[in-house]
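Visitor: Shown below is the structure under consideration.
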Amino acid sequence: MSTVDTYKQSRGDTIGLYTFMVAGIAIAGITTWAAVARIIEVLPNRDVTVFADFSGTIASAPIGPDGAPVDVELDTALITAESLPGASVAALVIQQIVLALTVIVVVGCLIGLCRNIIRGQVFSRTNTVLVTTAGFTALAGFALTPFFGNMGANGAFARLSDRTFNNVVLAVDPFALIMVAFVVALASTVFVVGDRMRRDTEGLV
């Protein structure tokens with residue numbers, strides 16, 4: 001049996017992996033519950049509160065002497081509209097579905113990876129697929145979740161301003177997206193190389 005193929009972790013490592021698995025299940029459960037609650041909140045389409053990004057927007061805040069208003073530049077805020085266009089409601093629902101599915105898939109893949117590592121299988125084709133699937137799912141979720149959220153916010157802006165307020169903001173930070181893509185590619189490459197080493201050294205002592 002190849003020494004690269006199997007690995008016997010310490011008791012502490014095993015406990016850590018089981019703890020990670022339990023935490024992952026808890027995160028997936030909480031995220032799904034929060035997504036369902038948000039969908040229930042949005043679907044009636046009454047007094048919908050959305051998270052909004054702003055760009056170069058000045059507002060007054062009571063932070064001066066004795067609460068005097070002072071101009072500040074908004075970065076993000078929660079805004080509430082009496083109702084949203086149907087497309088915006090759909091976008092907010094899709095946002096929560098994408099978020100929940102992303103977390104469930106990523107957690108499921110990582111739990112499968114932890115289970116295989118506990119069994120002594122570190123580098124294998126299965127683990128490579130699990131890592132790659134988790135990585136690219138996280139990447140897609142990272143890009144799509146704020147995109148659909150921004151669509152919902154734009155609907156709120158349109159209703160509140162009667163389509164007179166233009167607040168076009170890029171929902172995804174390109175630099176952060178590139179960094180996530182780099183980490184995903186690196187992790188996938190490490191497991192591809194590790195699996196190749198395992199196959200090349202099969203039968204060696």
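Naming works like this for the structure tokens: A, B, ... for the chains as they're shown, residue 1 at the start of each chain, ligands 1 onward in shown order.
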Mind listing the strand (DSSP E or B) residues of stretch 38-136 of chain A, per DSSP on the backbone, as a count of residues only?

Guide: 27

Visitor: At a cut-off of 9 Å, using only C-alpha atoms, what residues contact A:Val105? Leave out same-chain residues fewer than 2 positions from it and give the result as a list in words.

Guide: Ala100, Leu101, Thr102, Val103, Val107, Gly108, Cys109, Leu110, Thr133, Ala134, Thr137 and Ala138 of chain A

Visitor: Could the residues in this selection be saved with N, CA, C and O atoms as a PDB file, in the first residue's frame?

Guide:
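again.pdb, written as the output of this step:
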```
ATOM      1  N   ALA A 100     -28.492  29.079   0.151  1.00  0.00           N
ATOM      2  CA  ALA A 100     -28.687  27.836   0.893  1.00  0.00           C
ATOM      3  C   ALA A 100     -28.074  26.650   0.153  1.00  0.00           C
ATOM      4  O   ALA A 100     -27.377  25.817   0.758  1.00  0.00           O
ATOM      5  N   LEU A 101     -28.316  26.560  -1.163  1.00  0.00           N
ATOM      6  CA  LEU A 101     -27.762  25.446  -1.937  1.00  0.00           C
ATOM      7  C   LEU A 101     -26.237  25.481  -1.947  1.00  0.00           C
ATOM      8  O   LEU A 101     -25.580  24.436  -1.864  1.00  0.00           O
ATOM      9  N   THR A 102     -25.664  26.685  -2.042  1.00  0.00           N
ATOM     10  CA  THR A 102     -24.207  26.805  -2.031  1.00  0.00           C
ATOM     11  C   THR A 102     -23.626  26.253  -0.745  1.00  0.00           C
ATOM     12  O   THR A 102     -22.684  25.455  -0.755  1.00  0.00           O
ATOM     13  N   VAL A 103     -24.194  26.676   0.378  1.00  0.00           N
ATOM     14  CA  VAL A 103     -23.686  26.219   1.676  1.00  0.00           C
ATOM     15  C   VAL A 103     -23.885  24.720   1.842  1.00  0.00           C
ATOM     16  O   VAL A 103     -22.980  24.011   2.304  1.00  0.00           O
ATOM     17  N   VAL A 107     -20.691  22.329   2.229  1.00  0.00           N
ATOM     18  CA  VAL A 107     -20.580  21.581   3.484  1.00  0.00           C
ATOM     19  C   VAL A 107     -20.633  20.079   3.218  1.00  0.00           C
ATOM     20  O   VAL A 107     -19.856  19.301   3.802  1.00  0.00           O
ATOM     21  N   GLY A 108     -21.528  19.647   2.333  1.00  0.00           N
ATOM     22  CA  GLY A 108     -21.620  18.221   2.011  1.00  0.00           C
ATOM     23  C   GLY A 108     -20.316  17.677   1.447  1.00  0.00           C
ATOM     24  O   GLY A 108     -19.861  16.591   1.836  1.00  0.00           O
ATOM     25  N   CYS A 109     -19.712  18.431   0.546  1.00  0.00           N
ATOM     26  CA  CYS A 109     -18.433  18.001  -0.044  1.00  0.00           C
ATOM     27  C   CYS A 109     -17.333  17.944   1.006  1.00  0.00           C
ATOM     28  O   CYS A 109     -16.537  16.988   1.047  1.00  0.00           O
ATOM     29  N   LEU A 110     -17.269  18.957   1.859  1.00  0.00           N
ATOM     30  CA  LEU A 110     -16.209  18.983   2.869  1.00  0.00           C
ATOM     31  C   LEU A 110     -16.410  17.917   3.935  1.00  0.00           C
ATOM     32  O   LEU A 110     -15.441  17.370   4.464  1.00  0.00           O
ATOM     33  N   THR A 133     -15.468  20.370  -6.581  1.00  0.00           N
ATOM     34  CA  THR A 133     -16.895  20.702  -6.556  1.00  0.00           C
ATOM     35  C   THR A 133     -17.199  21.751  -5.499  1.00  0.00           C
ATOM     36  O   THR A 133     -17.927  22.727  -5.750  1.00  0.00           O
ATOM     37  N   ALA A 134     -16.635  21.572  -4.303  1.00  0.00           N
ATOM     38  CA  ALA A 134     -16.848  22.547  -3.225  1.00  0.00           C
ATOM     39  C   ALA A 134     -16.311  23.917  -3.618  1.00  0.00           C
ATOM     40  O   ALA A 134     -16.964  24.942  -3.401  1.00  0.00           O
ATOM     41  N   THR A 137     -18.412  25.518  -6.522  1.00  0.00           N
ATOM     42  CA  THR A 137     -19.730  25.867  -6.009  1.00  0.00           C
ATOM     43  C   THR A 137     -19.645  27.124  -5.158  1.00  0.00           C
ATOM     44  O   THR A 137     -20.493  28.027  -5.263  1.00  0.00           O
ATOM     45  N   ALA A 138     -18.627  27.197  -4.292  1.00  0.00           N
ATOM     46  CA  ALA A 138     -18.428  28.388  -3.470  1.00  0.00           C
ATOM     47  C   ALA A 138     -18.173  29.613  -4.335  1.00  0.00           C
ATOM     48  O   ALA A 138     -18.679  30.707  -4.063  1.00  0.00           O
TER      49      ALA A 138
END
```

Visitor: Give the alpha helix (DSSP H) residues of stretch 32-180 of chain A, as DSSP finds them on the backbone, and put them as a PyMOL selection string.

Guide: chain A and resi 32-42+86-118+125-161+174-180

Visitor: Find, counting only C-alpha atoms, the residue in A:Val106, A:Thr128, A:Asp66, A:Gly29 that gets nearest to A:Phe142.

Guide: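 Smallest separation from A:Phe142 among the options: A:Val106.
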
Visitor: Could you work out how far atom CA of A:Leu74 lies from atom CA of A:Pro44, giving the answer in Å with one decimal?

Guide: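 Value for the atom CA of A:Pro44-atom CA of A:Leu74 distance: 28.6 Å.
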
Visitor: Would you mind reading off the distance between atom CA of A:Ile94 and atom CA of A:Ala77, one decimal, in Å?

Guide: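 Between atom CA of A:Ile94 and atom CA of A:Ala77 the gap works out to 21.1 Å.
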
Visitor: In Å, with one decimal, what is the gap from atom CA of A:Leu17 to atom CA of A:Phe123?

Guide: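 Separating atom CA of A:Leu17 from atom CA of A:Phe123 is a distance of 16.1 Å.
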
Visitor: Out of A:Val192, A:Ile118, A:Ile63, A:Met151, which residue has the shortest atom-to-atom distance to A:Gly16 when counting only C-alpha atoms?

Guide: A:Ile118

Visitor: For A:Thr189, which residue out of A:Pro146, A:Gly141, A:Pro85, A:Gly135 is the nearest one, using only C-alpha atoms?

Guide: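 For A:Thr189, the nearest of the given residues is A:Gly135.
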
Visitor: Determine the nearest neighbour of A:Ala156 from the options A:Val89, A:Ala28, A:Leu130, A:Ala140, counting only C-alpha atoms.

Guide: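 Checking each candidate against A:Ala156, we get A:Val89 as the closest.
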
Visitor: Which is closest to A:Phe147 among A:Val72, A:Val36, A:Val98, A:Ile15, if we use only C-alpha atoms?

Guide: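 Under the stated criterion, the closest residue is A:Val98.
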
Visitor: Quick one: residues within 9 Å of A:Ala52, only C-alpha atoms, excluding same-chain residues fewer than 4 positions away - as a PyMOL selection string?

Guide: chain A and resi 75-79+149-150+152-154+156-157
